[in-house]
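**Q** What follows is a structure written as structure tokens; I'll ask about it next.
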Amino acid sequence: METVSGSPATDITCRPYYPALDGLRAIAISLVFWFHYGVPSVAPLSLVNGWGWIGVDLFFVLSGFLITGILFDSVDHSHYFVRFYFRRGLRIFPLYWGFWAVLLATAAIQRVRVPVTFLAFPGYFANLLPSHIMLPAGAKDYILTLGTVAGHPFRMYFGHFWTLCMEEQFYLAWPLVIWLVRDRIHLLWVCGVGIVGVPLLRWGLVTHMSPAWVAGNVIYGSTETRFDTLLVGAAVALLARGSQREIAGLRVTALASIIAGASITGLVLSTRLYGAPTVTAGGLFLPRWLQVYGFTLIAGVAAGVLVLSLRGANWLGRALKWPPLVMIGRMSYGFYVMHMVLFGFMQEAYFKSSNHTKERYSLAVSAYCLTFALSWASFRWYEAKFLQLKGWEWRKGFFGLSRPKTLSRVATARRVNGDSIPVAVSTTSAMPQ
């Protein structure tokens, strides 16, 4: 298996932690937040209101890059699968299933009927089922009304969880692919085939699907039509572990992708040659060009920004390491899970009753701050309790997992795979990264 990497002085990627990527996560979650809470009449936010969904694509590229790097670097580990799934499970399951446990318990207390199809979300396969199967008759979105607060219905939206379903499916399949292929060049070919093949699949579907399905963005949330974005990030991780010539080419490609993306965006915004995404009462409408090759172009631009951000010496890397951005980025998973908790109530109680732009903007900012507070509290007092188990040692045995022999004290803010968490300090050995 080829594992060539650059020298420490010039290698831009092969490090255990990248502060700038926390900054990118903060930008991604902020784009998604303002996409949902945006105030269309405010000029800067009106653009985000139509394009903020690309924050999800940025998350996908980041996931493909980080997960592929972890898997490729540890493919020869004796407990490759168990180690990866154990650590990923500690990161994603407690919060997500905890959220669903609270939601379902609240629904039971309030005697709210939960359609059985909604349970496909905690099972991580909801995005594989079409909406006419998932949604009850007459329903237009994934919503549960859990009662009333101050005379207004408290509605819980969870349709955005399709992205978590897609990432979990990636976590299940991609480790096996890397373990079977192993060779870096062959893995790059796998990525290349996917990056080229998925847009061709989308083209075929858009061409032959009914207009109603195209207008309903069926392609947007399906794993089989969207995993090329994850593979773009995976390809960056594999190229970054190549020769110095490949790394230099990666930087040039990153600049080219950003310039091309900026040019296409300018063309879309300044002419009617291409349709731009629009947000209406019926939801998000994506034109055909976006549904065919636009997703891949956006992934390329996101990958370019990712590559340039990894070099902390440039202006982008320094900007993304701004402490407030890094702090938001560290909580981005919880932020994404919980940012729609307040949306239904605020939409009914405030957004619909207020036509004043400044008031709606202030309410959206308040929701942002409250969501950050919720995600910070969840991370600090709930998620960290599970994440500190990443410090368990790996020994011989069936599962290869054992608790450290000596736990003398607790040290805070140790970064394990990019998570700043309190972990137990063992006097016998260093914690695995």
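So you can find residues: chains in the structure tokens are A, B, ... in the order shown, residues in each start at 1, and ligands are numbered from 1 in order.
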Please, which residues in segment 274-368 of chain A fall within 12 Å of segment 100-119 of chain A when counting only C-alpha atoms, and what is the closest atom pair and distance in Å to one decimal for each, ordered by chain then residue number, as CSV?
**A**
residue,atom,partner,partner_atom,distance
A:Val337,CA,A:Trp100,CA,10.4
A:Met338,CA,A:Trp100,CA,11.1
A:Val341,CA,A:Leu103,CA,10.3
**Q** Can you write out the residues you just picked, keeping C-alpha atoms, as a tab-separated table (two decimals), in the first residue's frame?
**A**
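Written file, result-v2.tsv:
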chain	number	residue	atom	x	y	z
A	337	VAL	CA	-28.93	18.85	15.22
A	338	MET	CA	-30.66	21.48	17.37
A	341	VAL	CA	-35.67	23.18	17.68
**Q** Taking the DSSP assignment computed from this structure's backbone, write out as a ChimeraX atom specification all residues of segment 75-310 of chain A that belong to strand (DSSP E or B).
**A** /A:143-149,152-157,278-280,283-285
**Q** Filtering to C-alpha atoms, could you give me those residues as a short mmCIF file (atom, residue, chain, number, x, y, z; two decimals), in the first residue's frame?
**A**
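Ended up saving to result_4.cif:
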data_model
loop_
_atom_site.label_atom_id
_atom_site.label_comp_id
_atom_site.auth_asym_id
_atom_site.auth_seq_id
_atom_site.Cartn_x
_atom_site.Cartn_y
_atom_site.Cartn_z
CA ILE A 143 -42.92 18.00 11.43
CA LEU A 144 -44.29 16.99 14.81
CA THR A 145 -46.53 19.39 16.75
CA LEU A 146 -45.75 18.77 20.41
CA GLY A 147 -48.27 21.12 22.01
CA THR A 148 -48.58 24.85 22.48
CA VAL A 149 -46.44 27.52 24.11
CA HIS A 152 -48.73 29.14 19.66
CA PRO A 153 -48.09 25.61 18.34
CA PHE A 154 -44.65 24.22 19.14
CA ARG A 155 -43.63 22.39 15.99
CA MET A 156 -40.48 20.31 15.70
CA TYR A 157 -38.84 20.17 12.27
CA THR A 278 -35.17 30.16 -5.29
CA VAL A 279 -37.00 29.77 -1.99
CA THR A 280 -40.79 29.85 -2.11
CA GLY A 283 -39.70 25.04 -0.38
CA LEU A 284 -36.39 25.22 -2.21
CA PHE A 285 -36.41 25.09 -6.01
#
**Q** With distances taken over only C-alpha atoms, which residue among A:Met331, A:Lys321, A:Gly304, A:His77 lies nearest Val252 of chain A?
**A**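 Among the listed residues, the smallest separation from Val252 of chain A belongs to A:Gly304.
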**Q** With distances taken over only C-alpha atoms, which residue among A:Asp73, A:Glu348, A:Glu383, A:Asp57 lies nearest Ile92 of chain A?
**A** A:Glu383
**Q** If you take only C-alpha atoms and a cut-off of 10 Å, which residues of segment 53-101 of chain A touch segment 238-242 of chain A, and what are their nearest atom pairs and distances in Å to one decimal, in chain and number order, as a Markdown table?
**A**
| residue | atom | partner | partner_atom | distance |
| --- | --- | --- | --- | --- |
| A:Phe65 | CA | A:Leu238 | CA | 8.3 |
| A:Thr68 | CA | A:Leu238 | CA | 7.6 |
| A:Gly69 | CA | A:Leu238 | CA | 7.2 |
| A:Phe72 | CA | A:Leu238 | CA | 8.1 |
| A:Asp73 | CA | A:Arg241 | CA | 9.4 |
**Q** Fewer than 3 positions away in the same chain doesn't count, so skip those; otherwise give me all residues within 9 Å of segment 187-193 of chain A, counting only C-alpha atoms, as an MDAnalysis selection string.
**A** chainID A and resid 177:178 181:184 196:198 228 231:232 234:235 238:239
**Q** Determine, for each residue of segment 152-194 of chain A having at least one atom at most 12 Å from an atom of segment 16-38 of chain A, the closest pair of atoms and their separation in Å to one decimal, counting only C-alpha atoms; order by chain and ascending number, as a Markdown table.
**A**
| residue | atom | partner | partner_atom | distance |
| --- | --- | --- | --- | --- |
| A:Tyr157 | CA | A:His36 | CA | 10.9 |
| A:Gly159 | CA | A:His36 | CA | 11.6 |
| A:His160 | CA | A:Val32 | CA | 9.7 |
| A:Thr163 | CA | A:Val32 | CA | 11.7 |
**Q** What gap, in Å, lies between atom CA of Tyr382 of chain A and atom CA of Leu95 of chain A?
**A**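 These atoms are spaced 8.0 Å apart.
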